[in-house]
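Participant: My structure is stored as input.cif, with mmCIF, C-alpha atoms.
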```cif
data_start
loop_
_atom_site.label_atom_id
_atom_site.label_comp_id
_atom_site.auth_asym_id
_atom_site.auth_seq_id
_atom_site.Cartn_x
_atom_site.Cartn_y
_atom_site.Cartn_z
CA MET A 1 14.04 -55.96 77.46
CA SER A 2 15.97 -52.71 77.91
CA ASP A 3 14.39 -49.41 78.87
CA ALA A 4 15.66 -48.04 75.55
CA SER A 5 13.33 -50.42 73.67
CA PRO A 6 9.72 -49.34 74.34
CA LEU A 7 7.17 -52.10 74.15
CA GLY A 8 4.79 -52.31 71.19
CA HIS A 9 4.43 -50.98 67.68
CA PRO A 10 4.63 -47.16 67.51
CA VAL A 11 1.31 -46.95 65.62
CA TYR A 12 -0.49 -48.44 68.63
CA ARG A 13 1.78 -47.67 71.59
CA ASP A 14 0.77 -44.04 72.00
CA MET A 15 -2.74 -44.40 70.60
CA PRO A 16 -5.57 -43.20 72.88
CA THR A 17 -8.70 -45.22 73.56
CA THR A 18 -11.30 -44.60 70.85
CA ILE A 19 -13.72 -41.77 71.46
CA PHE A 20 -16.58 -44.29 71.33
CA GLU A 21 -15.19 -46.43 74.12
CA HIS A 22 -14.27 -43.37 76.18
CA MET A 23 -17.71 -41.81 75.96
CA SER A 24 -19.52 -45.12 76.45
CA ALA A 25 -17.45 -45.80 79.57
CA ARG A 26 -18.25 -42.32 80.87
CA ALA A 27 -21.94 -42.92 80.15
CA ARG A 28 -21.88 -46.20 82.09
CA GLU A 29 -20.12 -44.60 85.04
CA ALA A 30 -22.58 -41.69 85.14
CA GLY A 31 -25.70 -43.70 84.34
CA ALA A 32 -26.22 -41.44 81.31
CA ILE A 33 -28.32 -42.08 78.20
CA ASN A 34 -25.80 -43.13 75.57
CA LEU A 35 -26.41 -41.27 72.31
CA GLY A 36 -22.70 -41.45 71.57
CA GLN A 37 -21.69 -44.89 70.32
CA GLY A 38 -23.72 -45.95 67.30
CA PHE A 39 -25.76 -48.99 68.22
CA PRO A 40 -29.54 -49.50 68.22
CA GLU A 41 -31.54 -50.03 71.35
CA GLY A 42 -33.06 -53.49 71.40
CA PRO A 43 -31.98 -56.99 70.36
CA GLY A 44 -32.58 -56.74 66.60
CA PRO A 45 -35.18 -58.34 64.31
CA ARG A 46 -36.69 -61.42 65.96
CA ASP A 47 -36.64 -63.48 62.76
CA VAL A 48 -32.92 -63.04 62.12
CA LEU A 49 -32.13 -63.81 65.76
CA GLN A 50 -34.23 -66.98 65.52
CA ALA A 51 -32.46 -67.98 62.31
CA ALA A 52 -29.09 -67.62 64.07
CA ALA A 53 -30.29 -69.64 67.06
CA ASP A 54 -31.69 -72.38 64.83
CA ALA A 55 -28.49 -72.57 62.80
CA LEU A 56 -26.43 -72.82 65.98
CA LEU A 57 -28.42 -75.88 67.06
CA THR A 58 -29.05 -77.59 63.74
CA ARG A 59 -26.08 -76.77 61.49
CA SER A 60 -22.33 -77.16 61.69
CA SER A 61 -20.34 -75.15 64.22
CA GLN A 62 -17.01 -76.12 62.66
CA TYR A 63 -14.84 -73.96 60.45
CA PRO A 64 -16.76 -72.64 57.45
CA PRO A 65 -14.87 -71.97 54.20
CA MET A 66 -12.32 -69.17 54.52
CA PRO A 67 -14.07 -66.85 51.97
CA GLY A 68 -17.41 -67.41 53.70
CA LEU A 69 -20.35 -69.77 53.28
CA LEU A 70 -21.45 -70.09 49.67
CA GLU A 71 -25.05 -69.52 50.81
CA LEU A 72 -24.16 -66.07 52.19
CA ARG A 73 -21.93 -65.08 49.29
CA THR A 74 -24.69 -66.05 46.86
CA ALA A 75 -27.30 -64.19 48.91
CA LEU A 76 -25.15 -61.05 48.89
CA ALA A 77 -24.63 -61.19 45.13
CA THR A 78 -28.39 -61.59 44.68
CA HIS A 79 -29.13 -58.78 47.15
CA TYR A 80 -26.87 -56.34 45.35
CA ALA A 81 -28.25 -57.30 41.96
CA ARG A 82 -31.79 -56.63 43.21
CA HIS A 83 -31.15 -53.46 45.21
CA GLN A 84 -28.17 -51.80 43.48
CA GLN A 85 -28.17 -53.37 40.01
CA LEU A 86 -24.67 -54.81 40.47
CA ASP A 87 -23.49 -57.87 38.58
CA LEU A 88 -21.43 -59.72 41.19
CA SER A 89 -20.67 -63.42 41.37
CA PRO A 90 -20.39 -65.25 44.71
CA GLN A 91 -16.68 -65.69 44.01
CA GLU A 92 -16.31 -61.90 44.16
CA VAL A 93 -17.61 -61.74 47.75
CA ILE A 94 -15.47 -62.48 50.82
CA VAL A 95 -17.10 -62.67 54.25
CA THR A 96 -15.21 -61.03 57.13
CA SER A 97 -15.61 -60.64 60.87
CA GLY A 98 -17.11 -57.20 60.63
CA ALA A 99 -16.53 -54.30 58.27
CA THR A 100 -13.49 -53.16 60.25
CA GLU A 101 -11.77 -56.44 59.44
CA ALA A 102 -12.74 -55.91 55.80
CA LEU A 103 -11.11 -52.47 55.92
CA CYS A 104 -8.01 -53.90 57.57
CA ALA A 105 -7.71 -56.76 55.08
CA SER A 106 -8.21 -54.41 52.13
CA LEU A 107 -5.51 -52.02 53.30
CA LEU A 108 -3.03 -54.77 54.21
CA ALA A 109 -3.60 -56.42 50.83
CA LEU A 110 -3.44 -53.33 48.65
CA VAL A 111 -1.23 -50.71 50.33
CA ARG A 112 2.49 -50.93 49.72
CA PRO A 113 4.83 -49.16 52.16
CA GLY A 114 5.01 -45.51 51.16
CA ASP A 115 1.77 -45.48 49.18
CA GLU A 116 -0.41 -42.46 49.83
CA VAL A 117 -4.01 -43.15 50.81
CA LEU A 118 -6.44 -40.34 49.99
CA MET A 119 -9.13 -39.84 52.65
CA LEU A 120 -11.89 -37.31 53.30
CA ALA A 121 -12.18 -35.75 56.76
CA PRO A 122 -14.06 -35.91 59.02
CA LEU A 123 -13.49 -39.65 58.81
CA TYR A 124 -14.24 -42.78 60.81
CA ASP A 125 -11.59 -43.11 63.49
CA ALA A 126 -10.32 -46.58 62.49
CA TYR A 127 -9.10 -45.42 59.08
CA LEU A 128 -5.97 -43.56 60.14
CA PRO A 129 -4.33 -46.25 62.34
CA LEU A 130 -5.20 -48.98 59.83
CA VAL A 131 -3.61 -47.03 56.98
CA GLU A 132 -0.49 -46.34 59.03
CA ARG A 133 -0.21 -49.94 60.20
CA ALA A 134 -0.33 -51.07 56.57
CA GLY A 135 2.61 -48.76 55.82
CA GLY A 136 0.54 -46.15 54.00
CA ILE A 137 0.87 -42.39 54.20
CA PRO A 138 -2.41 -40.62 55.01
CA ASN A 139 -3.33 -37.88 52.55
CA ILE A 140 -6.27 -35.96 54.00
CA VAL A 141 -8.74 -33.68 52.21
CA THR A 142 -10.78 -31.79 54.80
CA LEU A 143 -14.40 -31.03 53.95
CA THR A 144 -16.27 -28.01 55.30
CA PRO A 145 -19.60 -28.03 57.15
CA PRO A 146 -22.49 -27.78 56.80
CA ASP A 147 -22.54 -29.00 53.16
CA TRP A 148 -19.35 -31.11 53.26
CA ARG A 149 -18.93 -30.68 49.49
CA ILE A 150 -16.25 -32.57 47.59
CA THR A 151 -14.57 -30.44 44.92
CA ARG A 152 -12.33 -31.32 42.01
CA ASP A 153 -9.83 -28.62 42.93
CA ALA A 154 -9.34 -29.91 46.48
CA LEU A 155 -8.92 -33.51 45.36
CA ALA A 156 -6.63 -32.68 42.43
CA ALA A 157 -4.41 -30.61 44.71
CA ALA A 158 -4.07 -33.53 47.12
CA ILE A 159 -3.26 -36.28 44.60
CA THR A 160 0.44 -36.87 43.96
CA PRO A 161 2.38 -39.47 41.96
CA ARG A 162 2.55 -41.56 45.16
CA THR A 163 -1.24 -41.64 45.69
CA ARG A 164 -2.50 -45.15 45.05
CA ILE A 165 -5.65 -45.67 47.15
CA LEU A 166 -8.87 -43.75 47.77
CA LEU A 167 -10.44 -44.75 51.08
CA MET A 168 -13.96 -43.36 51.35
CA ASN A 169 -17.18 -43.77 53.30
CA ASN A 170 -20.63 -43.34 51.73
CA PRO A 171 -23.08 -42.71 53.35
CA VAL A 172 -20.77 -40.87 55.69
CA ASN A 173 -20.18 -41.43 59.39
CA PRO A 174 -20.02 -39.03 61.23
CA THR A 175 -21.74 -36.37 59.11
CA GLY A 176 -24.81 -38.31 57.93
CA MET A 177 -24.11 -37.06 54.40
CA VAL A 178 -24.96 -38.98 51.24
CA MET A 179 -22.53 -38.24 48.43
CA ARG A 180 -24.15 -36.46 45.53
CA ASP A 181 -24.18 -38.00 42.05
CA GLU A 182 -21.75 -35.40 40.73
CA GLU A 183 -19.35 -36.08 43.60
CA LEU A 184 -19.37 -39.82 42.94
CA ALA A 185 -18.76 -39.16 39.24
CA LEU A 186 -15.86 -36.87 40.18
CA LEU A 187 -14.31 -39.51 42.42
CA ALA A 188 -14.65 -42.12 39.68
CA ASP A 189 -13.08 -39.80 37.11
CA LEU A 190 -10.11 -39.10 39.36
CA CYS A 191 -9.61 -42.78 40.23
CA ILE A 192 -9.50 -43.65 36.54
CA ALA A 193 -7.29 -40.70 35.58
CA HIS A 194 -4.76 -41.39 38.34
CA ASP A 195 -5.05 -45.20 38.37
CA LEU A 196 -6.30 -45.36 41.96
CA ILE A 197 -7.98 -48.27 43.71
CA ALA A 198 -11.09 -47.22 45.67
CA ILE A 199 -11.87 -48.88 49.01
CA CYS A 200 -15.49 -47.97 49.67
CA ASP A 201 -16.89 -48.34 53.16
CA GLU A 202 -20.63 -48.57 52.41
CA VAL A 203 -21.89 -50.08 55.65
CA TRP A 204 -24.69 -47.47 55.88
CA GLU A 205 -26.08 -48.31 52.43
CA GLU A 206 -29.48 -49.41 53.78
CA THR A 207 -29.95 -46.43 56.11
CA VAL A 208 -30.56 -43.72 53.49
CA TYR A 209 -33.69 -41.63 54.04
CA ASP A 210 -36.23 -39.38 52.32
CA GLY A 211 -36.48 -41.64 49.27
CA ARG A 212 -32.85 -41.25 48.25
CA PRO A 213 -31.20 -44.24 46.57
CA HIS A 214 -27.76 -45.54 47.48
CA ARG A 215 -25.35 -45.42 44.55
CA PRO A 216 -22.28 -47.66 44.95
CA LEU A 217 -19.04 -46.38 43.41
CA ILE A 218 -18.31 -49.84 42.02
CA GLY A 219 -21.33 -49.45 39.72
CA LEU A 220 -20.02 -46.33 37.99
CA PRO A 221 -18.37 -46.61 34.56
CA GLY A 222 -14.74 -47.69 34.77
CA MET A 223 -14.88 -48.61 38.50
CA ARG A 224 -15.85 -52.29 38.36
CA ASP A 225 -12.25 -53.58 38.36
CA ARG A 226 -10.73 -50.97 40.67
CA THR A 227 -13.16 -50.90 43.61
CA VAL A 228 -13.53 -52.79 46.88
CA LYS A 229 -17.08 -52.49 48.21
CA ILE A 230 -17.45 -53.14 51.95
CA GLY A 231 -20.73 -53.91 53.72
CA SER A 232 -22.02 -54.90 57.14
CA ALA A 233 -24.80 -57.15 58.39
CA GLY A 234 -24.55 -55.38 61.72
CA LYS A 235 -25.89 -52.20 60.12
CA ILE A 236 -28.39 -53.85 57.76
CA PHE A 237 -29.98 -56.00 60.49
CA SER A 238 -29.34 -53.73 63.50
CA VAL A 239 -27.16 -56.39 65.18
CA THR A 240 -23.85 -54.56 65.56
CA GLY A 241 -22.41 -57.15 67.94
CA TRP A 242 -22.55 -59.91 65.34
CA LYS A 243 -19.54 -58.48 63.47
CA VAL A 244 -20.42 -59.99 60.10
CA GLY A 245 -19.07 -57.99 57.18
CA TRP A 246 -17.88 -58.54 53.63
CA MET A 247 -15.73 -57.30 50.77
CA CYS A 248 -16.85 -57.31 47.14
CA ALA A 249 -14.31 -56.93 44.33
CA ALA A 250 -13.37 -58.16 40.88
CA PRO A 251 -11.43 -61.47 40.83
CA ALA A 252 -7.91 -60.00 40.65
CA LEU A 253 -8.56 -57.82 43.71
CA ALA A 254 -10.63 -60.45 45.53
CA THR A 255 -7.73 -62.90 45.39
CA LEU A 256 -5.46 -60.43 47.20
CA LEU A 257 -8.15 -59.56 49.73
CA ALA A 258 -8.71 -63.23 50.55
CA ARG A 259 -5.00 -63.77 51.17
CA ALA A 260 -4.97 -60.97 53.74
CA HIS A 261 -8.25 -62.11 55.32
CA GLN A 262 -7.06 -65.69 55.82
CA TYR A 263 -4.35 -64.52 58.23
CA LEU A 264 -6.58 -62.13 60.17
CA THR A 265 -9.74 -63.89 61.35
CA PHE A 266 -9.81 -66.66 58.70
CA THR A 267 -13.55 -67.23 59.18
CA THR A 268 -16.70 -65.79 60.77
CA PRO A 269 -19.18 -67.78 62.96
CA PRO A 270 -21.17 -70.00 60.58
CA ASN A 271 -24.53 -69.72 62.35
CA LEU A 272 -24.44 -65.93 61.93
CA GLN A 273 -23.55 -66.32 58.26
CA TRP A 274 -26.52 -68.64 57.67
CA ALA A 275 -28.83 -66.22 59.49
CA VAL A 276 -27.66 -63.25 57.41
CA ALA A 277 -28.08 -65.27 54.22
CA GLU A 278 -31.65 -66.11 55.23
CA GLY A 279 -32.44 -62.50 56.14
CA LEU A 280 -31.16 -61.17 52.84
CA GLY A 281 -33.77 -63.31 51.11
CA TRP A 282 -36.72 -61.78 52.94
CA PRO A 283 -39.28 -59.70 51.00
CA GLU A 284 -38.07 -56.16 50.40
CA ASP A 285 -40.70 -54.48 52.57
CA TRP A 286 -38.86 -55.34 55.79
CA LEU A 287 -35.95 -53.11 54.74
CA ALA A 288 -38.33 -50.30 53.83
CA ASP A 289 -40.11 -50.67 57.17
CA GLN A 290 -36.85 -50.57 59.11
CA ARG A 291 -35.69 -47.53 57.16
CA ALA A 292 -38.98 -45.76 57.87
CA THR A 293 -38.59 -46.49 61.59
CA TYR A 294 -35.11 -44.97 61.69
CA GLN A 295 -36.26 -41.97 59.65
CA ALA A 296 -39.04 -41.38 62.16
CA SER A 297 -36.52 -41.55 64.99
CA ARG A 298 -34.30 -39.06 63.17
CA ASP A 299 -37.22 -36.68 62.75
CA ARG A 300 -38.28 -37.09 66.39
CA LEU A 301 -34.83 -36.23 67.72
CA ALA A 302 -34.38 -33.34 65.27
CA ALA A 303 -37.76 -31.82 66.14
CA GLY A 304 -37.22 -32.16 69.88
CA LEU A 305 -33.75 -30.65 69.82
CA THR A 306 -34.88 -27.81 67.57
CA GLN A 307 -37.74 -26.99 69.93
CA ALA A 308 -35.23 -26.97 72.78
CA GLY A 309 -33.12 -24.34 71.03
CA TYR A 310 -30.48 -26.46 69.33
CA ALA A 311 -29.47 -25.91 65.70
CA VAL A 312 -29.63 -29.34 64.05
CA LEU A 313 -27.77 -30.08 60.81
CA PRO A 314 -29.60 -32.07 58.12
CA GLY A 315 -29.02 -35.83 58.24
CA ALA A 316 -29.65 -37.80 55.06
CA ALA A 317 -28.40 -41.20 56.23
CA THR A 318 -26.82 -43.30 59.02
CA TRP A 319 -28.07 -43.31 62.63
CA PHE A 320 -26.62 -39.88 63.46
CA LEU A 321 -27.52 -36.20 63.64
CA SER A 322 -25.23 -33.31 64.51
CA ILE A 323 -25.91 -30.09 66.38
CA ASP A 324 -24.09 -26.83 65.70
CA LEU A 325 -23.07 -25.29 69.04
CA PRO A 326 -22.44 -21.64 68.00
CA ALA A 327 -25.63 -21.61 65.91
CA SER A 328 -27.39 -22.89 69.04
CA GLY A 329 -26.03 -19.94 71.03
CA ILE A 330 -23.69 -22.20 73.04
CA ALA A 331 -20.22 -20.84 73.76
CA LEU A 332 -18.56 -24.21 74.34
CA ASP A 333 -16.32 -26.30 72.15
CA ASP A 334 -17.54 -29.79 71.27
CA VAL A 335 -15.36 -31.68 73.77
CA SER A 336 -16.32 -29.42 76.67
CA PHE A 337 -20.00 -29.68 75.74
CA CYS A 338 -19.87 -33.48 75.57
CA GLU A 339 -18.05 -33.78 78.89
CA ARG A 340 -20.50 -31.44 80.61
CA ILE A 341 -23.70 -33.04 79.36
CA ILE A 342 -22.67 -36.44 80.70
CA ASP A 343 -22.48 -35.11 84.24
CA GLU A 344 -25.01 -32.27 84.09
CA ALA A 345 -27.65 -33.66 81.70
CA GLY A 346 -27.10 -37.40 81.90
CA VAL A 347 -26.62 -37.75 78.13
CA ALA A 348 -23.55 -38.95 76.22
CA ALA A 349 -22.66 -37.68 72.73
CA ILE A 350 -19.58 -37.59 70.51
CA PRO A 351 -17.52 -34.48 69.68
CA LEU A 352 -17.05 -34.32 65.91
CA SER A 353 -13.47 -33.09 66.34
CA ALA A 354 -12.57 -36.71 67.21
CA PHE A 355 -13.05 -37.59 63.53
CA TYR A 356 -10.29 -35.27 62.28
CA PRO A 357 -6.60 -36.26 62.11
CA ALA A 358 -5.65 -32.56 62.31
CA ASP A 359 -7.14 -29.06 62.28
CA PRO A 360 -10.59 -30.18 63.46
CA SER A 361 -13.86 -28.35 63.46
CA THR A 362 -14.69 -27.99 67.14
CA HIS A 363 -18.27 -26.74 67.04
CA LEU A 364 -20.28 -29.85 66.09
CA VAL A 365 -21.59 -32.70 68.25
CA ARG A 366 -22.91 -36.06 66.98
CA LEU A 367 -25.87 -37.89 68.51
CA CYS A 368 -27.25 -41.35 67.71
CA PHE A 369 -31.00 -41.57 67.11
CA ALA A 370 -31.25 -45.38 66.78
CA LYS A 371 -33.11 -45.57 70.10
CA THR A 372 -36.66 -46.06 71.31
CA ASP A 373 -39.05 -43.12 71.38
CA ALA A 374 -39.00 -43.17 75.18
CA THR A 375 -35.20 -42.96 75.28
CA LEU A 376 -35.11 -40.15 72.72
CA ASP A 377 -37.80 -38.20 74.55
CA GLN A 378 -35.97 -38.52 77.84
CA ALA A 379 -32.69 -37.42 76.22
CA ILE A 380 -34.43 -34.42 74.62
CA THR A 381 -35.93 -33.40 77.97
CA ARG A 382 -32.52 -33.61 79.64
CA LEU A 383 -30.74 -31.70 76.89
CA ALA A 384 -33.46 -29.04 76.87
CA ALA A 385 -33.00 -28.53 80.63
CA PHE A 386 -29.23 -28.29 80.17
CA ARG A 387 -29.64 -25.79 77.32
CA ALA A 388 -31.82 -23.63 79.59
CA THR A 389 -29.03 -23.43 82.20
CA LEU A 390 -26.72 -21.84 79.62
CA GLY A 391 -29.03 -18.83 79.13
#
```
For this file, produce the structure as structure tokens.

Facilitator:
Amino acid sequence: MSDASPLGHPVYRDMPTTIFEHMSARAREAGAINLGQGFPEGPGPRDVLQAAADALLTRSSQYPPMPGLLELRTALATHYARHQQLDLSPQEVIVTSGATEALCASLLALVRPGDEVLMLAPLYDAYLPLVERAGGIPNIVTLTPPDWRITRDALAAAITPRTRILLMNNPVNPTGMVMRDEELALLADLCIAHDLIAICDEVWEETVYDGRPHRPLIGLPGMRDRTVKIGSAGKIFSVTGWKVGWMCAAPALATLLARAHQYLTFTTPPNLQWAVAEGLGWPEDWLADQRATYQASRDRLAAGLTQAGYAVLPGAATWFLSIDLPASGIALDDVSFCERIIDEAGVAAIPLSAFYPADPSTHLVRLCFAKTDATLDQAITRLAAFRATLG
């Protein structure tokens, strides 16, 4: 291979390590409390772990069907009918190895080279490289804190004759925002008017707080046949390492999604699929109890940080809260703050600027509250001491 032919695809060759891996590695090196990468502390619900262990020992460990076990696809259709009033058949559900694979399969199946993909920033960091690898052209609408409102004017100005896909996340990582009813209606109207397909990353659908419901875009008028709904067992059951996800779509779209999926991971471990199917059939109170636990953790972290002098933005969903550095009287940008607190406070967080493709906001920092009370209290104590050193 000649020196004139650099190794690797240009999308990946010059790509940095993700901010999550970078900050988690720094946390490990420093022995810091990791409030950066979004994963719960603890093994997950005992019953779902036991179901996976039992299935590993008593059921088949050979290839399951490429679209996923019928038991899981049926359980998902039933779950969404009960919780979100969606009328899905098992044939409209495809099981994937995590939601990121579902995103990848959706984009590879639906994006043609040169298609514009409309996205809302700040956005999850996997979106941009996946869109580019599929041959799409990112078309970014930047939202403004602290309300992160989606407006018709901003979206209409961004849509061109080449725009074909809307890629969106609701509830939103990293902001913790839940899209308002009028914003969802606006997105649906624009998709219909401009003949767009919506790829909806809804992995946080069961972590919405304060009595708010989750409203899936696929359930809005006119969106049933033009939406891909993506979900994650890792988020629903607090087992992020399982990497069990899924795509839901009308038959014409589902056929294309399955063709892309079969050449990515092909299947997902069958014992985990059986365990997720079993868990989805549990009485509804377990979901409510889990949601209440996370809401209490959110409130604990918010109250502790506020008492320590930090300005905390509202968080309606996900496992994340953000602090506003200037409003907290801190004259540091988000990257500098995050680097300093690892070494000086022993806490890892994520700078929100990492979620912008360009022109980032540099004054917000994201923290994960899906931890035990003891861990949160220790992190609050450390961050309060650090805040005091800044005057």

Participant: How many Å separate atom CA of Asp359 of chain A from atom CA of Met119 of chain A?

Facilitator: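 Those two atoms sit 14.6 Å apart.
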
Participant: Give me the residues near Val131 of chain A as a CSV table (one decimal) with C-alpha atoms, keeping the file's coordinate frame, where near means some atom within 9 Å (using only C-alpha atoms) and where sequence neighbours in that chain fewer than 2 positions away do not count.

Facilitator:
```csv
chain,number,residue,atom,x,y,z
A,104,CYS,CA,-8.0,-53.9,57.6
A,107,LEU,CA,-5.5,-52.0,53.3
A,108,LEU,CA,-3.0,-54.8,54.2
A,111,VAL,CA,-1.2,-50.7,50.3
A,117,VAL,CA,-4.0,-43.2,50.8
A,126,ALA,CA,-10.3,-46.6,62.5
A,127,TYR,CA,-9.1,-45.4,59.1
A,128,LEU,CA,-6.0,-43.6,60.1
A,129,PRO,CA,-4.3,-46.2,62.3
A,133,ARG,CA,-0.2,-49.9,60.2
A,134,ALA,CA,-0.3,-51.1,56.6
A,135,GLY,CA,2.6,-48.8,55.8
A,136,GLY,CA,0.5,-46.2,54.0
A,137,ILE,CA,0.9,-42.4,54.2
A,138,PRO,CA,-2.4,-40.6,55.0
```

Participant: Evaluated on this file, the PyMOL selection byres ((chain A and resi 334-351) around 8) picks out some residues - which ones are they, written as a PyMOL selection string?

Facilitator: chain A and resi 19-20+23-24+26-27+30-37+325+332-333+352-354+362-368+379+382-383+385-386

Participant: Considering all atoms listed in the file, can you say which of A:Ala81, A:Ala157, A:Ala277, A:Val239 comes closest to Gly98 of chain A?

Facilitator: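 For Gly98 of chain A, the nearest of the candidates is A:Val239.
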
Participant: Point out the residue among A:Gly315, A:Gly176, A:Pro216, A:Gly304 with the least atom-to-atom distance to Cys248 of chain A, counting only C-alpha atoms.

Facilitator: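 Selected residue with least distance to Cys248 of chain A: A:Pro216.
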
Participant: Could you list the residues chosen by the PyMOL selection byres ((chain A and resi 86) around 12) in this structure as a PDB file with C-alpha atoms, in the frame of the given file?

Facilitator:
```
ATOM      1  CA  LEU A  76     -25.150 -61.050  48.890  1.00  0.00           C
ATOM      2  CA  ALA A  77     -24.630 -61.190  45.130  1.00  0.00           C
ATOM      3  CA  THR A  78     -28.390 -61.590  44.680  1.00  0.00           C
ATOM      4  CA  HIS A  79     -29.130 -58.780  47.150  1.00  0.00           C
ATOM      5  CA  TYR A  80     -26.870 -56.340  45.350  1.00  0.00           C
ATOM      6  CA  ALA A  81     -28.250 -57.300  41.960  1.00  0.00           C
ATOM      7  CA  ARG A  82     -31.790 -56.630  43.210  1.00  0.00           C
ATOM      8  CA  HIS A  83     -31.150 -53.460  45.210  1.00  0.00           C
ATOM      9  CA  GLN A  84     -28.170 -51.800  43.480  1.00  0.00           C
ATOM     10  CA  GLN A  85     -28.170 -53.370  40.010  1.00  0.00           C
ATOM     11  CA  ASP A  87     -23.490 -57.870  38.580  1.00  0.00           C
ATOM     12  CA  LEU A  88     -21.430 -59.720  41.190  1.00  0.00           C
ATOM     13  CA  SER A  89     -20.670 -63.420  41.370  1.00  0.00           C
ATOM     14  CA  GLU A  92     -16.310 -61.900  44.160  1.00  0.00           C
ATOM     15  CA  ARG A 215     -25.350 -45.420  44.550  1.00  0.00           C
ATOM     16  CA  PRO A 216     -22.280 -47.660  44.950  1.00  0.00           C
ATOM     17  CA  LEU A 217     -19.040 -46.380  43.410  1.00  0.00           C
ATOM     18  CA  ILE A 218     -18.310 -49.840  42.020  1.00  0.00           C
ATOM     19  CA  GLY A 219     -21.330 -49.450  39.720  1.00  0.00           C
ATOM     20  CA  LEU A 220     -20.020 -46.330  37.990  1.00  0.00           C
ATOM     21  CA  PRO A 221     -18.370 -46.610  34.560  1.00  0.00           C
ATOM     22  CA  MET A 223     -14.880 -48.610  38.500  1.00  0.00           C
ATOM     23  CA  ARG A 224     -15.850 -52.290  38.360  1.00  0.00           C
ATOM     24  CA  LYS A 229     -17.080 -52.490  48.210  1.00  0.00           C
ATOM     25  CA  CYS A 248     -16.850 -57.310  47.140  1.00  0.00           C
ATOM     26  CA  ALA A 249     -14.310 -56.930  44.330  1.00  0.00           C
ATOM     27  CA  ALA A 250     -13.370 -58.160  40.880  1.00  0.00           C
TER      28      ALA A 250
END
```

Participant: Between atom CA of Thr18 of chain A and atom CA of Ala121 of chain A, measure the distance and give it in Å to one decimal.

Facilitator: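 Taking atom CA of Thr18 of chain A and atom CA of Ala121 of chain A, their separation equals 16.7 Å.
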
Participant: I'd like to know which of A:Tyr209, A:Tyr356, A:Trp242, A:Tyr63 is closest to Val48 of chain A, using all atoms listed in the file.

Facilitator: A:Trp242

Participant: Please list as a list in words every residue within 12 Å of Ala296 of chain A, counting all atoms listed in the file and excluding residues in the same chain fewer than 2 positions away.

Facilitator: Tyr209, Asp210, Asp289, Gln290, Arg291, Ala292, Thr293, Tyr294, Arg298, Asp299, Arg300, Leu301, Ala302, Ala303, Trp319, Phe369, Ala370, Lys371, Thr372, Asp373 and Leu376 of chain A
